[in-house]
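Written below as structure tokens is the structure these notes are about.
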Amino acid sequence: MTAVPAVRLTDLRKSFGPLEVLKGVSLEAHEGDVVSILGSSGSGKSTMLRCINMLATPDGGEVAIRGEVIGLTPTRHGMRPADRLQVDRMRSQIGMVFQSFNLWSHMTVLENVIEAPIHVQKRPRAEAVAEAEAILAKVGIADKRNHYPAHLSGGQQQRAAIARALAQRPKVMLFDEPTSALDPELVGEVLRVMRSLAEEGRTMLVVTHEMGFARDVSNKVVFLHKGVVEAQGAPGEVFTNSTSERFRQFLAG
Ligand code: ADP
Ligand code: MG
């Protein structure tokens with residue numbers, strides 16, 4: 001099959017001042033792929049994810065979402081997106097979930113979830129509320145709809161953040177260490193939701209340290225090391241016979 005990838009990164013480069021963080025990263029995620037992105041702290045995982053939705057602007061290379069290349073234009077201080085409307089359109093197709101939840105603290109769970117559908121996507125309020133309630137039920141926090149984030153556990157907050165991302169009807173979901181800030185006993189409830197999204201066939205790129213998830217749920221593993229893709233492949237192959245000594249060392253911890 002030669003379908004257009006949901007996400008394609010080609011020779012992606014990004015520096016912060018003198019620090020070269022991404023040194024030419026290429027990666028493809030096709031529709032329905034669940035890609036786990038592994039790597040030590042500082043290897044460039046978050047930067048790569050942020051470049052996909054232009055929260056960070058690449059210095060070189062290309063990001064294409066469903067075949068559409070995000071236009072970049074040089075300025076005196078580096079690159080910037082050429083077309084804000086293109087970035088907005090592309091962002092509405094990408095849901096992002098952060099380590100630190102990033103819910104709006106002054107809004108209830110339901111208000112968090114319906115905010116973008118109503119104010120960005122201009123969908124009718126009644127429709128947005130009905131869909132939000134269905135999504136909250138799916139992630140198991142329907143009973144928390146009128147609570148404020150501060151009154152939820154970390155696991156519930158992260159599930160609310162996932163619900164908020166899903167409410168945009170994204171084509172691709174990006175997760176940046178979604179369970180790293182959670183107490184160990186709350187990790188499972190978030191991973192279960194993510195697994196159910198994977199089983200629905202959602203396209204997901206997941207930066208994670210959860211090896212069980214990488215092994216059992218994802219169909220592709222990418223190991224980033226010092227800003228380059230050091231190893232990648234199907235989990236069954238890459239976990240058992242990677243030729244990368246660095247990846248084997250990483251796995252050995
Ligand atoms: P990872 O997510 O793999 O831990 P990051 O992509 O967050 O790695 O960071 C890679 C490197 O880039 C780190 O050395 C980090 O300090 C640096 N970095 C990330 N974001 C910025 C920024 N906005 N400004 C300066 N340095 C940054
Ligand atoms: Mg990170």
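Identifiers in the structure tokens: chain A, B, ... in order shown; residue index from 1 per chain; ligand index from 1 in order shown.
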For this session: Give the residue list for ligand 1 at 8 Å, counting only C-alpha atoms and all ligand atoms, as a list of chain:residue names, sorted by chain and then by residue number.
Result: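 Counting only C-alpha atoms and all ligand atoms, the residues within 8 Å of ligand 1 come out as A:Ser15, A:Phe16, A:Gly17, A:Leu19, A:Glu20, A:Val21, A:Gly39, A:Ser40, A:Ser41, A:Gly42, A:Ser43, A:Gly44, A:Lys45, A:Ser46, A:Thr47, A:Met48, A:Ala56, A:Asp176, A:Leu224, A:Gly227.
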Output file for the selection above: N, CA, C and O atoms, as a PDB file, in the first residue's frame:
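The file below, result-v5.pdb, is the result:
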```pdb
ATOM      1  N   SER A  15      17.493  23.552  16.082  1.00  0.00           N
ATOM      2  CA  SER A  15      18.494  23.943  17.075  1.00  0.00           C
ATOM      3  C   SER A  15      17.902  24.990  18.004  1.00  0.00           C
ATOM      4  O   SER A  15      16.989  25.723  17.619  1.00  0.00           O
ATOM      5  N   PHE A  16      18.405  25.029  19.224  1.00  0.00           N
ATOM      6  CA  PHE A  16      18.143  26.149  20.130  1.00  0.00           C
ATOM      7  C   PHE A  16      19.490  26.820  20.330  1.00  0.00           C
ATOM      8  O   PHE A  16      20.357  26.269  21.023  1.00  0.00           O
ATOM      9  N   GLY A  17      19.683  27.975  19.710  1.00  0.00           N
ATOM     10  CA  GLY A  17      21.000  28.594  19.758  1.00  0.00           C
ATOM     11  C   GLY A  17      22.027  27.625  19.215  1.00  0.00           C
ATOM     12  O   GLY A  17      21.824  27.038  18.147  1.00  0.00           O
ATOM     13  N   LEU A  19      22.731  24.751  20.344  1.00  0.00           N
ATOM     14  CA  LEU A  19      22.397  23.355  20.654  1.00  0.00           C
ATOM     15  C   LEU A  19      21.565  22.733  19.529  1.00  0.00           C
ATOM     16  O   LEU A  19      20.420  23.113  19.314  1.00  0.00           O
ATOM     17  N   GLU A  20      22.173  21.789  18.833  1.00  0.00           N
ATOM     18  CA  GLU A  20      21.474  21.112  17.743  1.00  0.00           C
ATOM     19  C   GLU A  20      20.676  19.941  18.335  1.00  0.00           C
ATOM     20  O   GLU A  20      21.263  18.937  18.753  1.00  0.00           O
ATOM     21  N   VAL A  21      19.362  20.085  18.369  1.00  0.00           N
ATOM     22  CA  VAL A  21      18.524  19.104  19.066  1.00  0.00           C
ATOM     23  C   VAL A  21      18.011  18.025  18.125  1.00  0.00           C
ATOM     24  O   VAL A  21      17.994  16.853  18.476  1.00  0.00           O
ATOM     25  N   GLY A  39      13.498   7.177  24.079  1.00  0.00           N
ATOM     26  CA  GLY A  39      14.791   7.848  24.086  1.00  0.00           C
ATOM     27  C   GLY A  39      15.067   8.448  25.442  1.00  0.00           C
ATOM     28  O   GLY A  39      14.135   8.740  26.207  1.00  0.00           O
ATOM     29  N   SER A  40      16.334   8.645  25.731  1.00  0.00           N
ATOM     30  CA  SER A  40      16.728   9.227  27.017  1.00  0.00           C
ATOM     31  C   SER A  40      16.263  10.676  27.094  1.00  0.00           C
ATOM     32  O   SER A  40      15.952  11.292  26.080  1.00  0.00           O
ATOM     33  N   SER A  41      16.249  11.194  28.300  1.00  0.00           N
ATOM     34  CA  SER A  41      15.944  12.595  28.515  1.00  0.00           C
ATOM     35  C   SER A  41      16.919  13.460  27.708  1.00  0.00           C
ATOM     36  O   SER A  41      18.117  13.189  27.698  1.00  0.00           O
ATOM     37  N   GLY A  42      16.373  14.449  27.003  1.00  0.00           N
ATOM     38  CA  GLY A  42      17.215  15.352  26.234  1.00  0.00           C
ATOM     39  C   GLY A  42      17.525  14.890  24.825  1.00  0.00           C
ATOM     40  O   GLY A  42      18.243  15.568  24.092  1.00  0.00           O
ATOM     41  N   SER A  43      16.965  13.748  24.424  1.00  0.00           N
ATOM     42  CA  SER A  43      17.283  13.234  23.087  1.00  0.00           C
ATOM     43  C   SER A  43      16.505  13.938  21.975  1.00  0.00           C
ATOM     44  O   SER A  43      16.770  13.706  20.795  1.00  0.00           O
ATOM     45  N   GLY A  44      15.536  14.783  22.349  1.00  0.00           N
ATOM     46  CA  GLY A  44      14.816  15.561  21.336  1.00  0.00           C
ATOM     47  C   GLY A  44      13.385  15.088  21.081  1.00  0.00           C
ATOM     48  O   GLY A  44      12.735  15.557  20.142  1.00  0.00           O
ATOM     49  N   LYS A  45      12.865  14.203  21.931  1.00  0.00           N
ATOM     50  CA  LYS A  45      11.534  13.638  21.708  1.00  0.00           C
ATOM     51  C   LYS A  45      10.440  14.718  21.738  1.00  0.00           C
ATOM     52  O   LYS A  45       9.602  14.774  20.839  1.00  0.00           O
ATOM     53  N   SER A  46      10.453  15.530  22.783  1.00  0.00           N
ATOM     54  CA  SER A  46       9.412  16.572  22.881  1.00  0.00           C
ATOM     55  C   SER A  46       9.539  17.579  21.756  1.00  0.00           C
ATOM     56  O   SER A  46       8.538  18.012  21.178  1.00  0.00           O
ATOM     57  N   THR A  47      10.766  17.938  21.435  1.00  0.00           N
ATOM     58  CA  THR A  47      10.982  18.901  20.356  1.00  0.00           C
ATOM     59  C   THR A  47      10.434  18.348  19.041  1.00  0.00           C
ATOM     60  O   THR A  47       9.775  19.071  18.283  1.00  0.00           O
ATOM     61  N   MET A  48      10.671  17.087  18.793  1.00  0.00           N
ATOM     62  CA  MET A  48      10.154  16.472  17.571  1.00  0.00           C
ATOM     63  C   MET A  48       8.632  16.525  17.532  1.00  0.00           C
ATOM     64  O   MET A  48       8.031  16.914  16.530  1.00  0.00           O
ATOM     65  N   ALA A  56       6.928  24.190  17.981  1.00  0.00           N
ATOM     66  CA  ALA A  56       8.313  24.585  17.717  1.00  0.00           C
ATOM     67  C   ALA A  56       8.464  24.590  16.199  1.00  0.00           C
ATOM     68  O   ALA A  56       7.934  23.718  15.523  1.00  0.00           O
ATOM     69  N   ASP A 176       2.796  13.340  24.770  1.00  0.00           N
ATOM     70  CA  ASP A 176       4.170  13.549  25.249  1.00  0.00           C
ATOM     71  C   ASP A 176       4.276  13.090  26.702  1.00  0.00           C
ATOM     72  O   ASP A 176       3.915  13.825  27.618  1.00  0.00           O
ATOM     73  N   LEU A 224      14.994   7.501  19.586  1.00  0.00           N
ATOM     74  CA  LEU A 224      15.718   8.728  19.273  1.00  0.00           C
ATOM     75  C   LEU A 224      16.937   8.810  20.191  1.00  0.00           C
ATOM     76  O   LEU A 224      16.827   8.597  21.410  1.00  0.00           O
ATOM     77  N   GLY A 227      19.140  13.319  18.928  1.00  0.00           N
ATOM     78  CA  GLY A 227      18.580  14.016  17.768  1.00  0.00           C
ATOM     79  C   GLY A 227      18.603  13.255  16.473  1.00  0.00           C
ATOM     80  O   GLY A 227      18.335  13.842  15.423  1.00  0.00           O
TER      81      GLY A 227
END
```
Exercise. Looking only at the backbone, which of the residues in region 12-250 of chain A does DSSP tag as strand (DSSP E), as a VMD selection string?
Worked result: chain A and resid 12 to 16 19 to 29 34 to 38 60 to 65 68 to 69 72 to 75 78 to 81 94 to 97 172 to 176 203 to 207 220 to 225 228 to 233
Problem set entry | Interatomic distance (Å, one decimal) between CA of Pro184 (chain A) and CA of Arg159 (chain A) |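 Calculated distance between CA of Pro184 (chain A) and CA of Arg159 (chain A) is 15.2 Å.
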Compile the contact shell of Gln86 (chain A) as a compact mmCIF listing (two decimals) with N, CA and C atoms, in the first residue's frame: residues with an atom at most 12 Å away, counting only C-alpha atoms, same-chain residues fewer than 6 positions apart removed.
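Final file, around-v5.txt:
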```txt
# COMPACT_ATOMS: atom_id res chain seq x y z
N ASN A 53 3.22 19.90 15.26
CA ASN A 53 2.12 20.87 15.19
C ASN A 53 2.61 22.32 15.29
N MET A 54 3.89 22.51 15.01
CA MET A 54 4.48 23.85 14.91
C MET A 54 4.44 24.62 16.23
N ALA A 64 4.83 17.03 6.95
CA ALA A 64 3.63 16.92 6.11
C ALA A 64 2.56 16.18 6.89
N ILE A 65 1.37 16.77 6.92
CA ILE A 65 0.22 16.15 7.59
C ILE A 65 -0.74 15.71 6.49
N GLU A 68 0.03 17.11 3.17
CA GLU A 68 0.16 18.56 3.00
C GLU A 68 1.40 19.05 3.76
N VAL A 69 2.33 19.59 3.01
CA VAL A 69 3.58 20.09 3.60
C VAL A 69 3.31 21.44 4.25
N ILE A 70 3.75 21.60 5.50
CA ILE A 70 3.59 22.87 6.20
C ILE A 70 4.64 23.84 5.66
N GLY A 71 4.16 24.93 5.10
CA GLY A 71 5.07 25.91 4.51
C GLY A 71 5.87 26.65 5.57
N LEU A 72 7.16 26.78 5.35
CA LEU A 72 8.03 27.51 6.27
C LEU A 72 8.76 28.58 5.47
N SER A 92 -5.96 21.84 13.93
CA SER A 92 -7.30 21.34 14.27
C SER A 92 -7.42 19.85 13.94
N GLN A 93 -6.46 19.32 13.20
CA GLN A 93 -6.47 17.89 12.88
C GLN A 93 -5.60 17.08 13.84
```
Problem set entry | Within 9 Å of Arg8 (chain A) using only C-alpha atoms, minus same-chain residues under 6 positions, as a ChimeraX atom specification | /A:26-30,52,62-67,69
Exercise. What is the CA of Gly155 (chain A) to CA of Glu199 (chain A) distance in Å?
Worked result: 20.2 Å
For this session: Name the residues in contact with Lys23 (chain A) at a cut-off of 7 Å, using only C-alpha atoms, excluding same-chain residues fewer than 6 positions from it; report them as a ChimeraX atom specification.
Result: /A:12-14,227-228
For this session: Taking the chain letters and numbering used in this document, name the residues of region 133-187 of chain A that DSSP puts in helix (DSSP H, G or I), as a PyMOL selection string.
Result: chain A and resi 133-138+142-144+149-151+154-166+184-187
Print the selection's residues with N, CA and C atoms to a file, as a PDB file, in the first residue's frame.
```
ATOM      1  N   GLU A 133     -20.008  14.663  26.295  1.00  0.00           N
ATOM      2  CA  GLU A 133     -20.490  13.720  27.313  1.00  0.00           C
ATOM      3  C   GLU A 133     -20.215  12.276  26.905  1.00  0.00           C
ATOM      4  N   ALA A 134     -20.365  12.010  25.624  1.00  0.00           N
ATOM      5  CA  ALA A 134     -20.062  10.656  25.133  1.00  0.00           C
ATOM      6  C   ALA A 134     -18.574  10.352  25.294  1.00  0.00           C
ATOM      7  N   ILE A 135     -17.736  11.334  25.001  1.00  0.00           N
ATOM      8  CA  ILE A 135     -16.287  11.116  25.114  1.00  0.00           C
ATOM      9  C   ILE A 135     -15.889  10.952  26.579  1.00  0.00           C
ATOM     10  N   LEU A 136     -16.477  11.768  27.452  1.00  0.00           N
ATOM     11  CA  LEU A 136     -16.164  11.647  28.888  1.00  0.00           C
ATOM     12  C   LEU A 136     -16.586  10.282  29.422  1.00  0.00           C
ATOM     13  N   ALA A 137     -17.706   9.773  28.921  1.00  0.00           N
ATOM     14  CA  ALA A 137     -18.137   8.432  29.333  1.00  0.00           C
ATOM     15  C   ALA A 137     -17.114   7.407  28.848  1.00  0.00           C
ATOM     16  N   LYS A 138     -16.639   7.601  27.628  1.00  0.00           N
ATOM     17  CA  LYS A 138     -15.690   6.659  27.057  1.00  0.00           C
ATOM     18  C   LYS A 138     -14.383   6.607  27.858  1.00  0.00           C
ATOM     19  N   ALA A 142     -17.377  10.503  33.171  1.00  0.00           N
ATOM     20  CA  ALA A 142     -18.644  11.221  32.935  1.00  0.00           C
ATOM     21  C   ALA A 142     -19.137  11.883  34.223  1.00  0.00           C
ATOM     22  N   ASP A 143     -18.904  11.228  35.356  1.00  0.00           N
ATOM     23  CA  ASP A 143     -19.397  11.769  36.628  1.00  0.00           C
ATOM     24  C   ASP A 143     -18.601  12.986  37.095  1.00  0.00           C
ATOM     25  N   LYS A 144     -17.507  13.294  36.415  1.00  0.00           N
ATOM     26  CA  LYS A 144     -16.672  14.438  36.824  1.00  0.00           C
ATOM     27  C   LYS A 144     -16.909  15.659  35.942  1.00  0.00           C
ATOM     28  N   PRO A 149     -10.594  20.932  37.491  1.00  0.00           N
ATOM     29  CA  PRO A 149      -9.425  20.049  37.430  1.00  0.00           C
ATOM     30  C   PRO A 149      -8.759  19.818  38.786  1.00  0.00           C
ATOM     31  N   ALA A 150      -8.697  20.843  39.615  1.00  0.00           N
ATOM     32  CA  ALA A 150      -8.006  20.714  40.899  1.00  0.00           C
ATOM     33  C   ALA A 150      -8.651  19.673  41.805  1.00  0.00           C
ATOM     34  N   HIS A 151      -9.913  19.354  41.527  1.00  0.00           N
ATOM     35  CA  HIS A 151     -10.617  18.377  42.358  1.00  0.00           C
ATOM     36  C   HIS A 151     -10.570  16.964  41.790  1.00  0.00           C
ATOM     37  N   GLY A 154      -4.741  12.932  39.348  1.00  0.00           N
ATOM     38  CA  GLY A 154      -3.911  13.097  38.155  1.00  0.00           C
ATOM     39  C   GLY A 154      -4.392  12.236  36.996  1.00  0.00           C
ATOM     40  N   GLY A 155      -4.775  11.004  37.311  1.00  0.00           N
ATOM     41  CA  GLY A 155      -5.243  10.107  36.260  1.00  0.00           C
ATOM     42  C   GLY A 155      -6.533  10.603  35.626  1.00  0.00           C
ATOM     43  N   GLN A 156      -7.411  11.166  36.465  1.00  0.00           N
ATOM     44  CA  GLN A 156      -8.661  11.723  35.942  1.00  0.00           C
ATOM     45  C   GLN A 156      -8.386  12.979  35.121  1.00  0.00           C
ATOM     46  N   GLN A 157      -7.442  13.800  35.604  1.00  0.00           N
ATOM     47  CA  GLN A 157      -7.094  15.003  34.837  1.00  0.00           C
ATOM     48  C   GLN A 157      -6.520  14.639  33.471  1.00  0.00           C
ATOM     49  N   GLN A 158      -5.683  13.613  33.446  1.00  0.00           N
ATOM     50  CA  GLN A 158      -5.103  13.247  32.160  1.00  0.00           C
ATOM     51  C   GLN A 158      -6.165  12.674  31.235  1.00  0.00           C
ATOM     52  N   ARG A 159      -7.125  11.937  31.796  1.00  0.00           N
ATOM     53  CA  ARG A 159      -8.201  11.418  30.952  1.00  0.00           C
ATOM     54  C   ARG A 159      -9.080  12.564  30.447  1.00  0.00           C
ATOM     55  N   ALA A 160      -9.246  13.608  31.270  1.00  0.00           N
ATOM     56  CA  ALA A 160      -9.977  14.796  30.809  1.00  0.00           C
ATOM     57  C   ALA A 160      -9.216  15.485  29.677  1.00  0.00           C
ATOM     58  N   ALA A 161      -7.896  15.520  29.804  1.00  0.00           N
ATOM     59  CA  ALA A 161      -7.073  16.139  28.748  1.00  0.00           C
ATOM     60  C   ALA A 161      -7.177  15.329  27.449  1.00  0.00           C
ATOM     61  N   ILE A 162      -7.220  14.019  27.577  1.00  0.00           N
ATOM     62  CA  ILE A 162      -7.388  13.175  26.393  1.00  0.00           C
ATOM     63  C   ILE A 162      -8.769  13.433  25.778  1.00  0.00           C
ATOM     64  N   ALA A 163      -9.784  13.534  26.640  1.00  0.00           N
ATOM     65  CA  ALA A 163     -11.141  13.823  26.152  1.00  0.00           C
ATOM     66  C   ALA A 163     -11.171  15.154  25.421  1.00  0.00           C
ATOM     67  N   ARG A 164     -10.480  16.137  25.976  1.00  0.00           N
ATOM     68  CA  ARG A 164     -10.459  17.453  25.322  1.00  0.00           C
ATOM     69  C   ARG A 164      -9.816  17.358  23.941  1.00  0.00           C
ATOM     70  N   ALA A 165      -8.736  16.592  23.852  1.00  0.00           N
ATOM     71  CA  ALA A 165      -8.080  16.435  22.543  1.00  0.00           C
ATOM     72  C   ALA A 165      -9.001  15.701  21.563  1.00  0.00           C
ATOM     73  N   LEU A 166      -9.681  14.669  22.052  1.00  0.00           N
ATOM     74  CA  LEU A 166     -10.562  13.880  21.166  1.00  0.00           C
ATOM     75  C   LEU A 166     -11.747  14.696  20.656  1.00  0.00           C
ATOM     76  N   PRO A 184       2.251   6.049  40.456  1.00  0.00           N
ATOM     77  CA  PRO A 184       2.251   4.731  39.793  1.00  0.00           C
ATOM     78  C   PRO A 184       0.877   4.069  39.735  1.00  0.00           C
ATOM     79  N   GLU A 185       0.084   4.233  40.787  1.00  0.00           N
ATOM     80  CA  GLU A 185      -1.204   3.524  40.803  1.00  0.00           C
ATOM     81  C   GLU A 185      -2.226   4.150  39.846  1.00  0.00           C
ATOM     82  N   LEU A 186      -1.889   5.310  39.258  1.00  0.00           N
ATOM     83  CA  LEU A 186      -2.824   5.972  38.348  1.00  0.00           C
ATOM     84  C   LEU A 186      -2.424   5.808  36.881  1.00  0.00           C
ATOM     85  N   VAL A 187      -1.262   5.200  36.660  1.00  0.00           N
ATOM     86  CA  VAL A 187      -0.752   5.050  35.288  1.00  0.00           C
ATOM     87  C   VAL A 187      -1.675   4.142  34.467  1.00  0.00           C
TER      88      VAL A 187
END
```
Skip Ala214 (chain A) itself and residues of its chain fewer than 4 positions away, then list as a JSON list (two decimals) with C-alpha atoms, in the first residue's frame all residues within 10 Å of it, counting only C-alpha atoms.
```
[["chain", "number", "residue", "atom", "x", "y", "z"],
["A", 34, "VAL", "CA", 0.61, 3.68, 16.87],
["A", 35, "VAL", "CA", 4.19, 4.86, 17.03],
["A", 36, "SER", "CA", 6.04, 4.76, 20.35],
["A", 37, "ILE", "CA", 8.91, 7.22, 20.56],
["A", 38, "LEU", "CA", 11.57, 6.19, 23.02],
["A", 206, "VAL", "CA", 3.37, 8.52, 21.79],
["A", 207, "VAL", "CA", 6.51, 9.59, 23.60],
["A", 208, "THR", "CA", 6.67, 7.17, 26.48],
["A", 209, "HIS", "CA", 8.80, 5.31, 28.96],
["A", 210, "GLU", "CA", 6.15, 2.61, 29.30],
["A", 218, "SER", "CA", 2.26, 0.16, 19.28],
["A", 219, "ASN", "CA", 3.01, -1.31, 15.87],
["A", 220, "LYS", "CA", 6.11, 0.82, 15.42],
["A", 221, "VAL", "CA", 8.90, 1.89, 17.75],
["A", 222, "VAL", "CA", 11.28, 4.76, 17.11],
["A", 234, "ALA", "CA", 8.11, -3.22, 14.61],
["A", 235, "PRO", "CA", 8.32, -3.85, 18.36],
["A", 239, "PHE", "CA", 13.04, -5.14, 21.00]]
```
Problem set entry | Interatomic distance, CA of Ser100 (chain A) to CA of Val190 (chain A) (Å, one decimal) | 13.2 Å
Exercise. Using only C-alpha atoms, which of A:Val139, A:Met90, A:Ala231, A:Val129 sits nearest Ala6 (chain A)?
Worked result: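 The closest residue to Ala6 (chain A) is A:Met90.
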Problem set entry | Nearest to ligand 2 by atom-to-atom distance, counting only C-alpha atoms and all ligand atoms, from A:Ala181, A:Ala198, A:Ala132, A:Ala126 |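 Answer, going by the shortest atom-to-atom distance: A:Ala181.
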